[in-house]
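Asks: Have a look at this one before I ask anything.
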Amino acid sequence: MMKNEFTLTAEFNTSADKIYKAYLSTQGHTLMTGSPAKVDGKTNGDFTAWDGYIWGTFLELEENKRITQAWRTGEFPEEAPDSRVEILLAETNGKTKLTLVHTNIPAGQEDSYKKGWEDFYFKPMREFFGE
């Protein structure tokens, strides 16, 4: 595994459908993370999250199963290409396992984004969807 990528998994007490719909809507994303987002939840649609700190484009969408994004933050060097985020959803018995694969991260920034996903996505999502 290259140093500038990581995979995280988390389980949520909700359906894949609810996570998918929340992630892909302005209101849902804002409520789910507790921070302003603007989301055009279709292929080639743009998004911003965390009040503009994160932005990018939806590359591929597979309903209730997969979301792939070109993703970057204000901390990326200007010349750095977009990183790629792939979110995989697998529902079993009313719970959903979310696997997040974040690749092509600028060198030296992986640990901060790994912690960021936990603190600014998974933690508020657990509260939003119920532990």
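Here's how to read the names in the structure tokens: chain A, B, ... by the order shown, residue numbers from 1 in each chain, ligand numbers from 1 in the order shown.
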Write down as an mmCIF file with C-alpha atoms, in the first residue's frame the residues belonging to region 14-66 of chain A that are assigned helix (DSSP H, G or I) by DSSP computed on the backbone.

Replies:
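The resulting file, result.cif, is shown below:
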```
data_model
loop_
_atom_site.group_PDB
_atom_site.id
_atom_site.type_symbol
_atom_site.label_atom_id
_atom_site.label_comp_id
_atom_site.auth_asym_id
_atom_site.auth_seq_id
_atom_site.Cartn_x
_atom_site.Cartn_y
_atom_site.Cartn_z
ATOM 1 C CA ALA A 16 -27.312 2.139 2.953
ATOM 2 C CA ASP A 17 -30.125 4.102 1.273
ATOM 3 C CA LYS A 18 -30.224 6.701 4.084
ATOM 4 C CA ILE A 19 -26.438 7.214 4.056
ATOM 5 C CA TYR A 20 -26.355 7.409 0.248
ATOM 6 C CA LYS A 21 -29.193 9.944 0.081
ATOM 7 C CA ALA A 22 -27.761 12.070 2.912
ATOM 8 C CA TYR A 23 -24.276 12.125 1.370
ATOM 9 C CA THR A 26 -27.084 19.542 0.402
ATOM 10 C CA GLN A 27 -29.470 19.289 3.347
ATOM 11 C CA GLY A 28 -28.554 15.687 4.206
ATOM 12 C CA HIS A 29 -24.798 16.268 4.023
ATOM 13 C CA THR A 30 -25.109 19.416 6.158
ATOM 14 C CA LEU A 31 -27.235 17.655 8.803
ATOM 15 C CA MET A 32 -25.139 14.481 8.763
ATOM 16 C CA THR A 33 -21.821 16.322 9.347
#
```

Asks: List every residue of chain A that DSSP, applied to the backbone, labels as strand (DSSP E), and write the result as a JSON list (two decimals) with all heavy atoms, in the first residue's frame.

Replies:
```json
[["chain", "number", "residue", "atom", "x", "y", "z"],
["A", 6, "PHE", "N", -5.19, 5.44, 2.18],
["A", 6, "PHE", "CA", -5.63, 4.65, 3.32],
["A", 6, "PHE", "C", -7.05, 4.17, 3.09],
["A", 6, "PHE", "O", -7.76, 4.68, 2.23],
["A", 6, "PHE", "CB", -5.53, 5.44, 4.64],
["A", 6, "PHE", "CG", -6.30, 6.72, 4.67],
["A", 6, "PHE", "CD1", -7.67, 6.73, 4.93],
["A", 6, "PHE", "CD2", -5.66, 7.93, 4.44],
["A", 6, "PHE", "CE1", -8.38, 7.92, 4.95],
["A", 6, "PHE", "CE2", -6.37, 9.12, 4.45],
["A", 6, "PHE", "CZ", -7.73, 9.12, 4.72],
["A", 7, "THR", "N", -7.42, 3.16, 3.88],
["A", 7, "THR", "CA", -8.79, 2.63, 3.87],
["A", 7, "THR", "C", -9.31, 2.65, 5.30],
["A", 7, "THR", "O", -8.59, 2.27, 6.22],
["A", 7, "THR", "CB", -8.79, 1.19, 3.33],
["A", 7, "THR", "OG1", -8.27, 1.19, 1.99],
["A", 7, "THR", "CG2", -10.20, 0.61, 3.32],
["A", 8, "LEU", "N", -10.53, 3.15, 5.47],
["A", 8, "LEU", "CA", -11.18, 3.17, 6.78],
["A", 8, "LEU", "C", -12.52, 2.45, 6.66],
["A", 8, "LEU", "O", -13.14, 2.49, 5.60],
["A", 8, "LEU", "CB", -11.46, 4.61, 7.22],
["A", 8, "LEU", "CG", -10.27, 5.53, 7.46],
["A", 8, "LEU", "CD1", -10.75, 6.95, 7.69],
["A", 8, "LEU", "CD2", -9.48, 5.03, 8.65],
["A", 9, "THR", "N", -12.95, 1.82, 7.74],
["A", 9, "THR", "CA", -14.29, 1.24, 7.75],
["A", 9, "THR", "C", -15.01, 1.69, 9.02],
["A", 9, "THR", "O", -14.39, 1.94, 10.05],
["A", 9, "THR", "CB", -14.27, -0.30, 7.72],
["A", 9, "THR", "OG1", -13.54, -0.78, 8.83],
["A", 9, "THR", "CG2", -13.67, -0.83, 6.44],
["A", 10, "ALA", "N", -16.32, 1.82, 8.89],
["A", 10, "ALA", "CA", -17.16, 2.19, 10.03],
["A", 10, "ALA", "C", -18.52, 1.54, 9.81],
["A", 10, "ALA", "O", -18.92, 1.29, 8.68],
["A", 10, "ALA", "CB", -17.30, 3.70, 10.12],
["A", 11, "GLU", "N", -19.21, 1.28, 10.91],
["A", 11, "GLU", "CA", -20.55, 0.69, 10.81],
["A", 11, "GLU", "C", -21.55, 1.68, 11.40],
["A", 11, "GLU", "O", -21.29, 2.31, 12.42],
["A", 11, "GLU", "CB", -20.62, -0.63, 11.56],
["A", 11, "GLU", "CG", -21.93, -1.36, 11.30],
["A", 11, "GLU", "CD", -21.95, -2.75, 11.88],
["A", 11, "GLU", "OE1", -22.22, -2.87, 13.09],
["A", 11, "GLU", "OE2", -21.69, -3.70, 11.13],
["A", 12, "PHE", "N", -22.69, 1.81, 10.71],
["A", 12, "PHE", "CA", -23.73, 2.73, 11.14],
["A", 12, "PHE", "C", -25.05, 1.98, 11.27],
["A", 12, "PHE", "O", -25.35, 1.09, 10.49],
["A", 12, "PHE", "CB", -23.87, 3.88, 10.13],
["A", 12, "PHE", "CG", -22.61, 4.67, 10.00],
["A", 12, "PHE", "CD1", -21.71, 4.41, 8.99],
["A", 12, "PHE", "CD2", -22.31, 5.67, 10.92],
["A", 12, "PHE", "CE1", -20.53, 5.13, 8.89],
["A", 12, "PHE", "CE2", -21.13, 6.39, 10.83],
["A", 12, "PHE", "CZ", -20.25, 6.11, 9.81],
["A", 38, "LYS", "N", -22.68, 22.03, 0.17],
["A", 38, "LYS", "CA", -23.48, 22.29, -1.02],
["A", 38, "LYS", "C", -23.20, 21.13, -1.96],
["A", 38, "LYS", "O", -22.05, 20.91, -2.34],
["A", 38, "LYS", "CB", -23.08, 23.63, -1.64],
["A", 38, "LYS", "CG", -24.01, 24.04, -2.73],
["A", 38, "LYS", "CD", -23.79, 25.49, -3.14],
["A", 38, "LYS", "CE", -24.89, 25.87, -4.11],
["A", 38, "LYS", "NZ", -24.46, 26.51, -5.30],
["A", 39, "VAL", "N", -24.23, 20.37, -2.29],
["A", 39, "VAL", "CA", -24.03, 19.11, -3.01],
["A", 39, "VAL", "C", -24.96, 19.01, -4.21],
["A", 39, "VAL", "O", -26.18, 19.10, -4.07],
["A", 39, "VAL", "CB", -24.29, 17.91, -2.06],
["A", 39, "VAL", "CG1", -24.09, 16.60, -2.79],
["A", 39, "VAL", "CG2", -23.39, 17.99, -0.84],
["A", 46, "ASP", "N", -20.87, 18.91, -8.74],
["A", 46, "ASP", "CA", -19.86, 19.43, -7.82],
["A", 46, "ASP", "C", -20.37, 19.40, -6.39],
["A", 46, "ASP", "O", -21.57, 19.37, -6.14],
["A", 46, "ASP", "CB", -19.52, 20.88, -8.18],
["A", 46, "ASP", "CG", -18.82, 20.98, -9.54],
["A", 46, "ASP", "OD1", -18.14, 20.03, -9.93],
["A", 46, "ASP", "OD2", -18.98, 22.03, -10.20],
["A", 47, "PHE", "N", -19.43, 19.44, -5.45],
["A", 47, "PHE", "CA", -19.81, 19.54, -4.05],
["A", 47, "PHE", "C", -18.78, 20.37, -3.30],
["A", 47, "PHE", "O", -17.63, 20.48, -3.71],
["A", 47, "PHE", "CB", -19.92, 18.14, -3.39],
["A", 47, "PHE", "CG", -18.59, 17.45, -3.26],
["A", 47, "PHE", "CD1", -17.82, 17.59, -2.11],
["A", 47, "PHE", "CD2", -18.09, 16.66, -4.29],
["A", 47, "PHE", "CE1", -16.60, 16.97, -1.99],
["A", 47, "PHE", "CE2", -16.87, 16.03, -4.17],
["A", 47, "PHE", "CZ", -16.11, 16.19, -3.02],
["A", 48, "THR", "N", -19.24, 20.99, -2.21],
["A", 48, "THR", "CA", -18.34, 21.58, -1.22],
["A", 48, "THR", "C", -18.84, 21.10, 0.13],
["A", 48, "THR", "O", -20.04, 20.85, 0.31],
["A", 48, "THR", "CB", -18.32, 23.12, -1.23],
["A", 48, "THR", "OG1", -19.62, 23.59, -0.88],
["A", 48, "THR", "CG2", -17.93, 23.67, -2.59],
["A", 49, "ALA", "N", -17.92, 20.96, 1.07],
["A", 49, "ALA", "CA", -18.29, 20.54, 2.43],
["A", 49, "ALA", "C", -17.41, 21.29, 3.41],
["A", 49, "ALA", "O", -16.38, 21.84, 3.06],
["A", 49, "ALA", "CB", -18.10, 19.03, 2.58],
["A", 54, "ILE", "N", -13.53, 21.59, 1.82],
["A", 54, "ILE", "CA", -13.44, 20.42, 0.93],
["A", 54, "ILE", "C", -14.27, 20.72, -0.31],
["A", 54, "ILE", "O", -15.36, 21.27, -0.20],
["A", 54, "ILE", "CB", -14.03, 19.16, 1.62],
["A", 54, "ILE", "CG1", -13.27, 18.83, 2.90],
["A", 54, "ILE", "CG2", -14.03, 17.97, 0.66],
["A", 54, "ILE", "CD1", -13.98, 17.79, 3.78],
["A", 55, "TRP", "N", -13.75, 20.34, -1.49],
["A", 55, "TRP", "CA", -14.56, 20.47, -2.69],
["A", 55, "TRP", "C", -14.14, 19.43, -3.71],
["A", 55, "TRP", "O", -13.08, 18.83, -3.60],
["A", 55, "TRP", "CB", -14.49, 21.88, -3.28],
["A", 55, "TRP", "CG", -13.17, 22.27, -3.89],
["A", 55, "TRP", "CD1", -12.79, 22.11, -5.20],
["A", 55, "TRP", "CD2", -12.06, 22.87, -3.23],
["A", 55, "TRP", "NE1", -11.51, 22.58, -5.36],
["A", 55, "TRP", "CE2", -11.04, 23.06, -4.18],
["A", 55, "TRP", "CE3", -11.82, 23.28, -1.90],
["A", 55, "TRP", "CZ2", -9.81, 23.63, -3.87],
["A", 55, "TRP", "CZ3", -10.60, 23.85, -1.59],
["A", 55, "TRP", "CH2", -9.61, 24.02, -2.56],
["A", 56, "GLY", "N", -15.01, 19.22, -4.70],
["A", 56, "GLY", "CA", -14.69, 18.25, -5.74],
["A", 56, "GLY", "C", -15.88, 17.94, -6.61],
["A", 56, "GLY", "O", -16.83, 18.73, -6.68],
["A", 57, "THR", "N", -15.81, 16.77, -7.26],
["A", 57, "THR", "CA", -16.82, 16.36, -8.24],
["A", 57, "THR", "C", -17.15, 14.89, -8.02],
["A", 57, "THR", "O", -16.26, 14.10, -7.70],
["A", 57, "THR", "CB", -16.24, 16.54, -9.67],
["A", 57, "THR", "OG1", -15.81, 17.88, -9.82],
["A", 57, "THR", "CG2", -17.28, 16.24, -10.73],
["A", 58, "PHE", "N", -18.41, 14.54, -8.20],
["A", 58, "PHE", "CA", -18.82, 13.13, -8.16],
["A", 58, "PHE", "C", -18.46, 12.49, -9.50],
["A", 58, "PHE", "O", -18.94, 12.92, -10.55],
["A", 58, "PHE", "CB", -20.32, 12.99, -7.89],
["A", 58, "PHE", "CG", -20.70, 13.44, -6.51],
["A", 58, "PHE", "CD1", -21.32, 14.67, -6.31],
["A", 58, "PHE", "CD2", -20.41, 12.66, -5.41],
["A", 58, "PHE", "CE1", -21.65, 15.10, -5.04],
["A", 58, "PHE", "CE2", -20.74, 13.08, -4.13],
["A", 58, "PHE", "CZ", -21.37, 14.31, -3.95],
["A", 59, "LEU", "N", -17.62, 11.47, -9.46],
["A", 59, "LEU", "CA", -17.16, 10.80, -10.68],
["A", 59, "LEU", "C", -18.06, 9.65, -11.08],
["A", 59, "LEU", "O", -18.39, 9.48, -12.25],
["A", 59, "LEU", "CB", -15.72, 10.29, -10.49],
["A", 59, "LEU", "CG", -14.68, 11.35, -10.14],
["A", 59, "LEU", "CD1", -13.34, 10.68, -9.84],
["A", 59, "LEU", "CD2", -14.55, 12.37, -11.26],
["A", 60, "GLU", "N", -18.42, 8.81, -10.10],
["A", 60, "GLU", "CA", -19.26, 7.65, -10.37],
["A", 60, "GLU", "C", -20.20, 7.44, -9.20],
["A", 60, "GLU", "O", -19.80, 7.61, -8.04],
["A", 60, "GLU", "CB", -18.41, 6.38, -10.52],
["A", 60, "GLU", "CG", -17.42, 6.40, -11.66],
["A", 60, "GLU", "CD", -16.45, 5.23, -11.57],
["A", 60, "GLU", "OE1", -16.91, 4.08, -11.39],
["A", 60, "GLU", "OE2", -15.23, 5.47, -11.67],
["A", 61, "LEU", "N", -21.44, 7.09, -9.51],
["A", 61, "LEU", "CA", -22.44, 6.82, -8.48],
["A", 61, "LEU", "C", -23.14, 5.50, -8.79],
["A", 61, "LEU", "O", -23.58, 5.29, -9.92],
["A", 61, "LEU", "CB", -23.47, 7.94, -8.41],
["A", 61, "LEU", "CG", -22.93, 9.34, -8.07],
["A", 61, "LEU", "CD1", -24.01, 10.39, -8.23],
["A", 61, "LEU", "CD2", -22.36, 9.36, -6.67],
["A", 62, "GLU", "N", -23.20, 4.64, -7.80],
["A", 62, "GLU", "CA", -23.96, 3.39, -7.92],
["A", 62, "GLU", "C", -24.91, 3.39, -6.73],
["A", 62, "GLU", "O", -24.48, 3.26, -5.58],
["A", 62, "GLU", "CB", -23.00, 2.20, -7.88],
["A", 62, "GLU", "CG", -23.65, 0.90, -8.22],
["A", 62, "GLU", "CD", -22.65, -0.27, -8.20],
["A", 62, "GLU", "OE1", -21.44, -0.04, -8.25],
["A", 62, "GLU", "OE2", -23.15, -1.41, -8.10],
["A", 66, "ARG", "N", -22.13, 2.70, -3.97],
["A", 66, "ARG", "CA", -20.81, 3.27, -4.20],
["A", 66, "ARG", "C", -20.90, 4.74, -4.61],
["A", 66, "ARG", "O", -21.75, 5.11, -5.41],
["A", 66, "ARG", "CB", -20.10, 2.49, -5.29],
["A", 66, "ARG", "CG", -18.64, 2.84, -5.44],
["A", 66, "ARG", "CD", -17.93, 1.78, -6.26],
["A", 66, "ARG", "NE", -18.42, 1.72, -7.61],
["A", 66, "ARG", "CZ", -17.83, 2.31, -8.64],
["A", 66, "ARG", "NH1", -16.73, 3.00, -8.49],
["A", 66, "ARG", "NH2", -18.34, 2.21, -9.84],
["A", 67, "ILE", "N", -20.00, 5.55, -4.03],
["A", 67, "ILE", "CA", -19.86, 6.97, -4.40],
["A", 67, "ILE", "C", -18.36, 7.18, -4.65],
["A", 67, "ILE", "O", -17.54, 6.85, -3.79],
["A", 67, "ILE", "CB", -20.32, 7.88, -3.24],
["A", 67, "ILE", "CG1", -21.80, 7.67, -2.93],
["A", 67, "ILE", "CG2", -20.02, 9.35, -3.56],
["A", 67, "ILE", "CD1", -22.26, 8.30, -1.61],
["A", 68, "THR", "N", -18.01, 7.69, -5.81],
["A", 68, "THR", "CA", -16.61, 7.98, -6.11],
["A", 68, "THR", "C", -16.49, 9.47, -6.42],
["A", 68, "THR", "O", -17.27, 10.01, -7.20],
["A", 68, "THR", "CB", -16.11, 7.14, -7.30],
["A", 68, "THR", "OG1", -16.37, 5.77, -7.04],
["A", 68, "THR", "CG2", -14.61, 7.33, -7.52],
["A", 69, "GLN", "N", -15.49, 10.11, -5.78],
["A", 69, "GLN", "CA", -15.32, 11.55, -5.92],
["A", 69, "GLN", "C", -13.88, 11.92, -6.27],
["A", 69, "GLN", "O", -12.95, 11.28, -5.81],
["A", 69, "GLN", "CB", -15.59, 12.25, -4.57],
["A", 69, "GLN", "CG", -16.93, 12.00, -3.97],
["A", 69, "GLN", "CD", -17.01, 12.57, -2.55],
["A", 69, "GLN", "OE1", -16.16, 12.28, -1.71],
["A", 69, "GLN", "NE2", -18.01, 13.37, -2.30],
["A", 70, "ALA", "N", -13.74, 12.99, -7.06],
["A", 70, "ALA", "CA", -12.49, 13.74, -7.12],
["A", 70, "ALA", "C", -12.58, 14.70, -5.94],
["A", 70, "ALA", "O", -13.60, 15.38, -5.78],
["A", 70, "ALA", "CB", -12.38, 14.49, -8.44],
["A", 71, "TRP", "N", -11.57, 14.75, -5.09],
["A", 71, "TRP", "CA", -11.69, 15.38, -3.77],
["A", 71, "TRP", "C", -10.43, 16.15, -3.46],
["A", 71, "TRP", "O", -9.33, 15.67, -3.69],
["A", 71, "TRP", "CB", -11.89, 14.23, -2.78],
["A", 71, "TRP", "CG", -12.24, 14.53, -1.36],
["A", 71, "TRP", "CD1", -13.49, 14.46, -0.82],
["A", 71, "TRP", "CD2", -11.36, 14.86, -0.28],
["A", 71, "TRP", "NE1", -13.42, 14.73, 0.54],
["A", 71, "TRP", "CE2", -12.13, 14.99, 0.88],
["A", 71, "TRP", "CE3", -9.98, 15.08, -0.18],
["A", 71, "TRP", "CZ2", -11.58, 15.31, 2.13],
["A", 71, "TRP", "CZ3", -9.43, 15.40, 1.04],
["A", 71, "TRP", "CH2", -10.24, 15.51, 2.19],
["A", 72, "ARG", "N", -10.58, 17.37, -2.92],
["A", 72, "ARG", "CA", -9.41, 18.14, -2.48],
["A", 72, "ARG", "C", -9.80, 19.12, -1.39],
["A", 72, "ARG", "O", -11.00, 19.34, -1.17],
["A", 72, "ARG", "CB", -8.70, 18.84, -3.64],
["A", 72, "ARG", "CG", -9.49, 19.90, -4.34],
["A", 72, "ARG", "CD", -8.80, 20.40, -5.63],
["A", 72, "ARG", "NE", -7.48, 20.95, -5.42],
["A", 72, "ARG", "CZ", -6.35, 20.46, -5.95],
["A", 72, "ARG", "NH1", -6.39, 19.41, -6.74],
["A", 72, "ARG", "NH2", -5.19, 21.01, -5.71],
["A", 73, "THR", "N", -8.79, 19.67, -0.73],
["A", 73, "THR", "CA", -9.04, 20.67, 0.30],
["A", 73, "THR", "C", -8.16, 21.89, 0.03],
["A", 73, "THR", "O", -7.26, 21.86, -0.82],
["A", 73, "THR", "CB", -8.68, 20.16, 1.72],
["A", 73, "THR", "OG1", -7.25, 20.10, 1.83],
["A", 73, "THR", "CG2", -9.30, 18.81, 2.01],
["A", 83, "SER", "N", -7.30, 14.26, -5.20],
["A", 83, "SER", "CA", -7.26, 12.91, -4.66],
["A", 83, "SER", "C", -8.56, 12.23, -5.05],
["A", 83, "SER", "O", -9.44, 12.84, -5.67],
["A", 83, "SER", "CB", -7.05, 12.92, -3.15],
["A", 83, "SER", "OG", -8.17, 13.44, -2.49],
["A", 84, "ARG", "N", -8.68, 10.97, -4.71],
["A", 84, "ARG", "CA", -9.88, 10.20, -5.07],
["A", 84, "ARG", "C", -10.42, 9.56, -3.80],
["A", 84, "ARG", "O", -9.68, 8.96, -3.03],
["A", 84, "ARG", "CB", -9.48, 9.14, -6.09],
["A", 84, "ARG", "CG", -10.65, 8.37, -6.65],
["A", 84, "ARG", "CD", -10.11, 7.42, -7.73],
["A", 84, "ARG", "NE", -11.12, 6.47, -8.14],
["A", 84, "ARG", "CZ", -11.75, 6.52, -9.30],
["A", 84, "ARG", "NH1", -11.47, 7.44, -10.17],
["A", 84, "ARG", "NH2", -12.66, 5.60, -9.60],
["A", 85, "VAL", "N", -11.72, 9.72, -3.61],
["A", 85, "VAL", "CA", -12.40, 9.09, -2.48],
["A", 85, "VAL", "C", -13.45, 8.14, -3.04],
["A", 85, "VAL", "O", -14.26, 8.53, -3.90],
["A", 85, "VAL", "CB", -13.07, 10.16, -1.58],
["A", 85, "VAL", "CG1", -14.00, 9.51, -0.56],
["A", 85, "VAL", "CG2", -12.01, 10.99, -0.87],
["A", 86, "GLU", "N", -13.41, 6.91, -2.57],
["A", 86, "GLU", "CA", -14.42, 5.92, -2.94],
["A", 86, "GLU", "C", -15.09, 5.45, -1.66],
["A", 86, "GLU", "O", -14.42, 5.06, -0.71],
["A", 86, "GLU", "CB", -13.80, 4.75, -3.68],
["A", 86, "GLU", "CG", -14.84, 3.76, -4.17],
["A", 86, "GLU", "CD", -14.25, 2.66, -5.05],
["A", 86, "GLU", "OE1", -13.10, 2.24, -4.80],
["A", 86, "GLU", "OE2", -14.95, 2.23, -5.96],
["A", 87, "ILE", "N", -16.41, 5.56, -1.63],
["A", 87, "ILE", "CA", -17.19, 5.14, -0.47],
["A", 87, "ILE", "C", -18.04, 3.94, -0.90],
["A", 87, "ILE", "O", -18.82, 4.04, -1.85],
["A", 87, "ILE", "CB", -18.10, 6.30, 0.01],
["A", 87, "ILE", "CG1", -17.22, 7.43, 0.53],
["A", 87, "ILE", "CG2", -19.07, 5.81, 1.08],
["A", 87, "ILE", "CD1", -17.95, 8.73, 0.74],
["A", 88, "LEU", "N", -17.84, 2.83, -0.21],
["A", 88, "LEU", "CA", -18.58, 1.60, -0.51],
["A", 88, "LEU", "C", -19.54, 1.32, 0.64],
["A", 88, "LEU", "O", -19.14, 1.41, 1.81],
["A", 88, "LEU", "CB", -17.61, 0.43, -0.67],
["A", 88, "LEU", "CG", -16.52, 0.63, -1.73],
["A", 88, "LEU", "CD1", -15.43, -0.42, -1.61],
["A", 88, "LEU", "CD2", -17.14, 0.61, -3.11],
["A", 89, "LEU", "N", -20.78, 1.02, 0.31],
["A", 89, "LEU", "CA", -21.81, 0.76, 1.32],
["A", 89, "LEU", "C", -22.29, -0.68, 1.20],
["A", 89, "LEU", "O", -22.62, -1.14, 0.10],
["A", 89, "LEU", "CB", -22.99, 1.72, 1.12],
["A", 89, "LEU", "CG", -22.66, 3.22, 1.16],
["A", 89, "LEU", "CD1", -23.87, 4.03, 0.74],
["A", 89, "LEU", "CD2", -22.18, 3.62, 2.55],
["A", 90, "ALA", "N", -22.31, -1.38, 2.33],
["A", 90, "ALA", "CA", -22.80, -2.77, 2.35],
["A", 90, "ALA", "C", -23.73, -2.92, 3.54],
["A", 90, "ALA", "O", -23.31, -2.82, 4.69],
["A", 90, "ALA", "CB", -21.63, -3.74, 2.46],
["A", 91, "GLU", "N", -25.01, -3.13, 3.25],
["A", 91, "GLU", "CA", -26.03, -3.23, 4.30],
["A", 91, "GLU", "C", -26.30, -4.68, 4.68],
["A", 91, "GLU", "O", -26.44, -5.53, 3.81],
["A", 91, "GLU", "CB", -27.32, -2.58, 3.80],
["A", 91, "GLU", "CG", -28.40, -2.51, 4.85],
["A", 91, "GLU", "CD", -29.66, -1.82, 4.36],
["A", 91, "GLU", "OE1", -29.59, -1.01, 3.41],
["A", 91, "GLU", "OE2", -30.73, -2.11, 4.92],
["A", 92, "THR", "N", -26.33, -4.93, 5.98],
["A", 92, "THR", "CA", -26.67, -6.25, 6.52],
["A", 92, "THR", "C", -27.50, -6.07, 7.77],
["A", 92, "THR", "O", -27.08, -5.36, 8.69],
["A", 92, "THR", "CB", -25.40, -7.05, 6.90],
["A", 92, "THR", "OG1", -24.48, -7.00, 5.82],
["A", 92, "THR", "CG2", -25.73, -8.50, 7.18],
["A", 95, "LYS", "N", -27.99, -2.62, 9.38],
["A", 95, "LYS", "CA", -26.78, -1.83, 9.64],
["A", 95, "LYS", "C", -26.00, -1.73, 8.35],
["A", 95, "LYS", "O", -26.10, -2.60, 7.49],
["A", 95, "LYS", "CB", -25.90, -2.50, 10.71],
["A", 95, "LYS", "CG", -26.54, -2.54, 12.07],
["A", 95, "LYS", "CD", -25.59, -3.10, 13.09],
["A", 95, "LYS", "CE", -26.29, -3.11, 14.45],
["A", 95, "LYS", "NZ", -25.38, -2.99, 15.55],
["A", 96, "THR", "N", -25.22, -0.66, 8.22],
["A", 96, "THR", "CA", -24.45, -0.47, 7.00],
["A", 96, "THR", "C", -22.97, -0.32, 7.33],
["A", 96, "THR", "O", -22.59, 0.52, 8.14],
["A", 96, "THR", "CB", -24.95, 0.77, 6.23],
["A", 96, "THR", "OG1", -26.33, 0.58, 5.91],
["A", 96, "THR", "CG2", -24.16, 0.98, 4.95],
["A", 97, "LYS", "N", -22.17, -1.15, 6.67],
["A", 97, "LYS", "CA", -20.72, -1.02, 6.76],
["A", 97, "LYS", "C", -20.28, -0.08, 5.65],
["A", 97, "LYS", "O", -20.60, -0.30, 4.47],
["A", 97, "LYS", "CB", -20.05, -2.39, 6.60],
["A", 97, "LYS", "CG", -18.53, -2.31, 6.65],
["A", 97, "LYS", "CD", -17.92, -3.68, 6.45],
["A", 97, "LYS", "CE", -16.43, -3.60, 6.35],
["A", 97, "LYS", "NZ", -15.84, -4.90, 6.00],
["A", 98, "LEU", "N", -19.60, 0.98, 6.05],
["A", 98, "LEU", "CA", -19.07, 1.95, 5.10],
["A", 98, "LEU", "C", -17.56, 1.74, 5.02],
["A", 98, "LEU", "O", -16.88, 1.74, 6.04],
["A", 98, "LEU", "CB", -19.39, 3.37, 5.58],
["A", 98, "LEU", "CG", -19.03, 4.54, 4.67],
["A", 98, "LEU", "CD1", -19.90, 5.74, 5.00],
["A", 98, "LEU", "CD2", -17.57, 4.93, 4.78],
["A", 99, "THR", "N", -17.07, 1.51, 3.81],
["A", 99, "THR", "CA", -15.63, 1.39, 3.57],
["A", 99, "THR", "C", -15.22, 2.59, 2.73],
["A", 99, "THR", "O", -15.79, 2.83, 1.67],
["A", 99, "THR", "CB", -15.29, 0.08, 2.84],
["A", 99, "THR", "OG1", -15.77, -1.01, 3.62],
["A", 99, "THR", "CG2", -13.78, -0.06, 2.63],
["A", 100, "LEU", "N", -14.27, 3.36, 3.24],
["A", 100, "LEU", "CA", -13.81, 4.56, 2.57],
["A", 100, "LEU", "C", -12.36, 4.33, 2.12],
["A", 100, "LEU", "O", -11.51, 3.98, 2.93],
["A", 100, "LEU", "CB", -13.89, 5.75, 3.52],
["A", 100, "LEU", "CG", -13.47, 7.09, 2.92],
["A", 100, "LEU", "CD1", -14.41, 8.18, 3.39],
["A", 100, "LEU", "CD2", -12.05, 7.44, 3.29],
["A", 101, "VAL", "N", -12.12, 4.49, 0.83],
["A", 101, "VAL", "CA", -10.78, 4.35, 0.27],
["A", 101, "VAL", "C", -10.37, 5.72, -0.27],
["A", 101, "VAL", "O", -11.00, 6.25, -1.18],
["A", 101, "VAL", "CB", -10.75, 3.29, -0.87],
["A", 101, "VAL", "CG1", -9.34, 3.13, -1.40],
["A", 101, "VAL", "CG2", -11.31, 1.96, -0.39],
["A", 102, "HIS", "N", -9.33, 6.31, 0.34],
["A", 102, "HIS", "CA", -8.87, 7.65, -0.06],
["A", 102, "HIS", "C", -7.47, 7.49, -0.65],
["A", 102, "HIS", "O", -6.56, 7.04, 0.04],
["A", 102, "HIS", "CB", -8.86, 8.56, 1.17],
["A", 102, "HIS", "CG", -8.80, 10.01, 0.83],
["A", 102, "HIS", "ND1", -9.15, 10.99, 1.72],
["A", 102, "HIS", "CD2", -8.41, 10.67, -0.30],
["A", 102, "HIS", "CE1", -9.00, 12.18, 1.15],
["A", 102, "HIS", "NE2", -8.54, 12.00, -0.07],
["A", 103, "THR", "N", -7.32, 7.81, -1.93],
["A", 103, "THR", "CA", -6.05, 7.62, -2.63],
["A", 103, "THR", "C", -5.56, 8.93, -3.25],
["A", 103, "THR", "O", -6.31, 9.91, -3.35],
["A", 103, "THR", "CB", -6.18, 6.56, -3.74],
["A", 103, "THR", "OG1", -7.20, 6.96, -4.66],
["A", 103, "THR", "CG2", -6.52, 5.19, -3.18]]
```

Asks: Which is closest to Glu79 (chain A) among A:Pro106, A:Phe128, A:Lys65, A:Asp111, if we use only C-alpha atoms?

Replies: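 Checking each candidate against Glu79 (chain A), we get A:Pro106 as the closest.
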
Asks: To one decimal place in Å, what is the distance between CA of Gln109 (chain A) and CA of Lys42 (chain A)?

Replies: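 Going from CA of Gln109 (chain A) over to CA of Lys42 (chain A) covers 27.9 Å.
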
Asks: Kindly give the distance, in Å, that separates CA of Asp82 (chain A) and CA of Asp40 (chain A), rounded to a single decimal.

Replies: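 Taking CA of Asp82 (chain A) as the start and CA of Asp40 (chain A) as the end point, the length is 18.1 Å.
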
Asks: When you draw a straight line from CA of Gly130 (chain A) to CA of Asn13 (chain A), how long is it in Å?

Replies: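 Taking CA of Gly130 (chain A) as the start and CA of Asn13 (chain A) as the end point, the length is 6.2 Å.
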
Asks: Residues at most 8 Å from Trp50 (chain A), counting only C-alpha atoms, excluding those fewer than 4 positions away in the same chain, as a ChimeraX atom specification?

Replies: /A:35-37,54
